[in-house]
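For reference, the structure is listed below as structure tokens.
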Amino acid sequence: MAGKEFKNLAEQIEIMRAKGLMILDEDKARSILLRENYFFINGYRHLFMKSSNDKRFIPGSTFEEMYALFTFDRRFRNIIFKNVLIIENNIKSIISYQLSKKYGYKEKDYLKPSNFSLDRKKSRQVNDLIHKMKRQVRVNGAQHSATLHYTSNYGYVPMWILVKVLSFGIISEMYTILKPEDQLSIAEYYDFDIHTLANYLSILANYRNLCAHEDILFEHKTQKQVDDTKYHAYLNIPKTDNEYIYGKNDLFALIIILKQMLSDEEFRLLIYEIGYELDILDGKVESIPQEKILDRMGFPTNFRDIIDIEGDFNL
């Protein structure tokens with residue numbers, strides 16, 4: 001297979017024009033392509049294509065519209081990221097509190113393998129994760145003033161400080177290897193069962209990493225699905241083959257998770273911010289209807305109504 005060759009800005013523009021994309025201001029397009037990267041912007045072309053087989057652009061679609069979608073996704077990603085970070089901080093605090101209260105506040109106490117699942121099938125995972133957490137302290141501890149303070153002055157790092165240097169992915173995995181009674185004590189804070197919280201944390205960690213690496217967000221799908229909730233039913237989300245078409249492994253599934261784990265005030269602001277950005281995008285994109293964008297995101301058209309559904313959790 002032949003490798004991709006370098007294309008200058010003029011050639012990049014001609015490639016898009018050859019596929020039917022209108023460019024209203026070529027000088028501005030050149031500046032955008034230089035600053036933002038052709039590869040990243042071109043990643044948003046699929047929504048404007050005639051079909052998955054026909055790679056030409058829909059008549060009337062413009063570079064400016066594609067860039068508007070690109071900038072929408074950037075702002076949307078920032079909105080999602082800051083709210084996922086709220087939950088990350090919350091769950092780290094809850095887990096560290098519960099485990100410190102039960103097992104102690106020094107690594108030699110709370111990182112004992114006996115504190116975790118006694119299932120033999122998970123013994124290797126338990127040992128591997130404990131090794132990962134100890135390595136996080138060694139590698140990243142000096143980068144944080146709190147961990148450095150405790151190691152320098154006391155010779156240990158309390159659990160409530162350790163979580164500062166642990167990734168959300170490690171926290172998510174750690175939850176799955178806790179003893180069932182410890183899993184339950186944490187899940188009950190959100191009025192969840194153990195399965196639901198484990199599933200939600202895995203999905204949140206996936207989106208958190210996606211946002212942190214500035215990947216395309218608005219049409220991302222996860223491997224895991226959320227279970228059916230009252231939010232699906234209340235919003236009258238349509239079904240295909242007895243399966244809801246939105247809110248299962250798409251961005252609206254993430255919104256449903258955030259609905260249950262953020263405070264009412266935090267969630268209301270989240271929906272207002274998303275709605276505001278969608279309204280701005282709608283004013284900039286004319287070649288495709290907003291319903292098509294919402295469908296690609298996995299959002300029902302009445303997504304704002306989720307605010308009015310009584311939440312399961314109030315901070």
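Ordering of the structure tokens sets the chain letters (A, B, ...), residue numbers begin anew at 1 in every chain, and ligands are numbered from 1 in the order given.
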### Query
Taking the backbone alone, and naming residues the way the document does, which bits of region 125-215 of chain A are alpha helix (DSSP H) by DSSP, as an MDAnalysis selection string?
chainID A and resid 125:140 145:153 159:162 168:176 180:187 194:212
Produce a table with one row for each residue of region 16-118 of chain A that has an atom at most 9 Å from any atom of region 162-176 of chain A, each row naming the nearest atom pair and its distance in Å at one decimal; use only C-alpha atoms; arrange rows by chain and rising residue number; format as CSV.
```
residue,atom,partner,partner_atom,distance
A:Glu88,CA,A:Phe168,CA,6.5
A:Asn89,CA,A:Lys164,CA,8.5
A:Ile91,CA,A:Ile171,CA,8.5
A:Lys92,CA,A:Val163,CA,6.0
A:Ser93,CA,A:Val163,CA,7.8
A:Ile95,CA,A:Tyr175,CA,8.3
A:Ser96,CA,A:Val163,CA,7.2
A:Phe116,CA,A:Met174,CA,8.8
A:Ser117,CA,A:Thr176,CA,8.6
```
Same residues, N, CA and C atoms, output as a tab-separated table (two decimals), in the first residue's frame:
```
chain	number	residue	atom	x	y	z
A	88	GLU	N	-15.16	12.60	38.64
A	88	GLU	CA	-13.89	11.93	38.97
A	88	GLU	C	-13.43	12.33	40.36
A	89	ASN	N	-13.48	13.60	40.66
A	89	ASN	CA	-13.08	14.07	41.98
A	89	ASN	C	-14.00	13.52	43.06
A	91	ILE	N	-15.91	10.74	43.05
A	91	ILE	CA	-15.78	9.29	43.28
A	91	ILE	C	-14.45	8.97	43.94
A	92	LYS	N	-13.39	9.70	43.61
A	92	LYS	CA	-12.11	9.50	44.27
A	92	LYS	C	-12.22	9.82	45.76
A	93	SER	N	-12.94	10.88	46.07
A	93	SER	CA	-13.12	11.28	47.47
A	93	SER	C	-13.92	10.23	48.23
A	95	ILE	N	-14.41	6.98	47.47
A	95	ILE	CA	-13.68	5.72	47.59
A	95	ILE	C	-12.58	5.83	48.65
A	96	SER	N	-11.83	6.92	48.62
A	96	SER	CA	-10.73	7.07	49.59
A	96	SER	C	-11.26	7.17	51.01
A	116	PHE	N	-8.87	-6.50	49.22
A	116	PHE	CA	-9.58	-6.51	47.94
A	116	PHE	C	-10.30	-7.85	47.75
A	117	SER	N	-10.89	-8.01	46.58
A	117	SER	CA	-11.67	-9.21	46.30
A	117	SER	C	-10.88	-10.48	46.61
```
Please report, as a tab-separated table, each residue of region 3-110 of chain A lying at most 12 Å from region 230-253 of chain A, together with the nearest pair of atoms and the separation in Å rounded to one decimal; use only C-alpha atoms, and order rows by chain and ascending residue number.
```
residue	atom	partner	partner_atom	distance
A:Phe76	CA	A:Leu251	CA	11.0
A:Arg77	CA	A:Leu251	CA	10.9
A:Ile80	CA	A:Leu251	CA	9.8
```
Write out, as an mmCIF file, in the first residue's frame, the residues just selected, with N, CA and C atoms.
```cif
data_model
loop_
_atom_site.group_PDB
_atom_site.id
_atom_site.type_symbol
_atom_site.label_atom_id
_atom_site.label_comp_id
_atom_site.auth_asym_id
_atom_site.auth_seq_id
_atom_site.Cartn_x
_atom_site.Cartn_y
_atom_site.Cartn_z
ATOM 1 N N PHE A 76 -17.885 21.623 22.954
ATOM 2 C CA PHE A 76 -18.690 20.571 23.553
ATOM 3 C C PHE A 76 -17.802 19.640 24.380
ATOM 4 N N ARG A 77 -16.641 19.306 23.851
ATOM 5 C CA ARG A 77 -15.687 18.441 24.554
ATOM 6 C C ARG A 77 -15.250 19.085 25.864
ATOM 7 N N ILE A 80 -18.112 18.728 28.423
ATOM 8 C CA ILE A 80 -18.188 17.368 28.943
ATOM 9 C C ILE A 80 -17.013 17.085 29.877
#
```
### Task
Skip region 144-155 of chain A itself and residues of its chain fewer than 3 positions away, then list as a ChimeraX atom specification all residues within 12 Å of it, counting only C-alpha atoms.
/A:105-108,136-141,158-166
Per-residue nearest contacts region 6-124 of chain A to region 204-212 of chain A, cut-off 12 Å, using only C-alpha atoms, as a tab-separated table:
```
residue	atom	partner	partner_atom	distance
A:Asp73	CA	A:Cys211	CA	10.2
A:Arg74	CA	A:Cys211	CA	9.0
A:Arg75	CA	A:Cys211	CA	10.6
A:Phe76	CA	A:Cys211	CA	9.6
A:Arg77	CA	A:Cys211	CA	5.8
A:Asn78	CA	A:Cys211	CA	7.3
A:Ile79	CA	A:Cys211	CA	9.6
A:Ile80	CA	A:Cys211	CA	7.7
A:Phe81	CA	A:Cys211	CA	5.9
A:Lys82	CA	A:Arg208	CA	9.3
A:Asn83	CA	A:Arg208	CA	9.6
A:Val84	CA	A:Arg208	CA	6.5
A:Leu85	CA	A:Arg208	CA	7.7
A:Ile86	CA	A:Arg208	CA	11.0
A:Ile87	CA	A:Leu204	CA	8.7
A:Glu88	CA	A:Leu204	CA	8.5
A:Ile91	CA	A:Leu204	CA	11.2
```
For the residues in the current selection, export C-alpha atoms as a PDB file, in the first residue's frame.
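Dumped to selection_11.pdb:
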```pdb
ATOM      1  CA  ASP A  73     -17.011  19.680  19.072  1.00  0.00           C
ATOM      2  CA  ARG A  74     -14.086  21.427  20.760  1.00  0.00           C
ATOM      3  CA  ARG A  75     -16.372  23.515  22.975  1.00  0.00           C
ATOM      4  CA  PHE A  76     -18.690  20.571  23.553  1.00  0.00           C
ATOM      5  CA  ARG A  77     -15.687  18.441  24.554  1.00  0.00           C
ATOM      6  CA  ASN A  78     -14.615  21.098  27.067  1.00  0.00           C
ATOM      7  CA  ILE A  79     -18.102  21.145  28.595  1.00  0.00           C
ATOM      8  CA  ILE A  80     -18.188  17.368  28.943  1.00  0.00           C
ATOM      9  CA  PHE A  81     -14.624  17.205  30.235  1.00  0.00           C
ATOM     10  CA  LYS A  82     -15.091  19.639  33.095  1.00  0.00           C
ATOM     11  CA  ASN A  83     -18.224  17.804  34.258  1.00  0.00           C
ATOM     12  CA  VAL A  84     -16.611  14.371  34.069  1.00  0.00           C
ATOM     13  CA  LEU A  85     -13.759  15.812  36.164  1.00  0.00           C
ATOM     14  CA  ILE A  86     -16.307  16.801  38.824  1.00  0.00           C
ATOM     15  CA  ILE A  87     -17.476  13.196  39.047  1.00  0.00           C
ATOM     16  CA  GLU A  88     -13.891  11.930  38.966  1.00  0.00           C
ATOM     17  CA  ILE A  91     -15.781   9.295  43.283  1.00  0.00           C
TER      18      ILE A  91
END
```
### Task
Please provide as a list in words all residues within 12 Å of Phe6 (chain A), with the sequence filter that same-chain residues fewer than 5 positions apart are discarded (counting only C-alpha atoms).
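In the requested form, the answer reads Glu11, Gln12, Tyr38 and Phe39 of chain A.
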Save out the residues we just selected, N, CA and C atoms, as a compact mmCIF listing (two decimals), in the first residue's frame.
```
# COMPACT_ATOMS: atom_id res chain seq x y z
N GLU A 11 -3.04 22.33 -2.17
CA GLU A 11 -3.44 20.98 -2.57
C GLU A 11 -4.52 20.42 -1.66
N GLN A 12 -4.43 20.74 -0.38
CA GLN A 12 -5.45 20.29 0.57
C GLN A 12 -6.82 20.88 0.19
N TYR A 38 -5.15 19.89 8.74
CA TYR A 38 -6.10 19.34 7.76
C TYR A 38 -6.68 18.00 8.22
N PHE A 39 -5.84 17.14 8.76
CA PHE A 39 -6.28 15.81 9.17
C PHE A 39 -7.38 15.89 10.23
```
### Task
Find the spatial neighbours of region 14-16 of chain A, counting only C-alpha atoms, within a cut-off of 12 Å - ignore same-chain residues fewer than 2 positions away - and output them as an NGL selection string.
:A and (7-12 or 18-23 or 26 or 29-30 or 33 or 38-39 or 41-42 or 45 or 48-49 or 55-57 or 61-63 or 66)
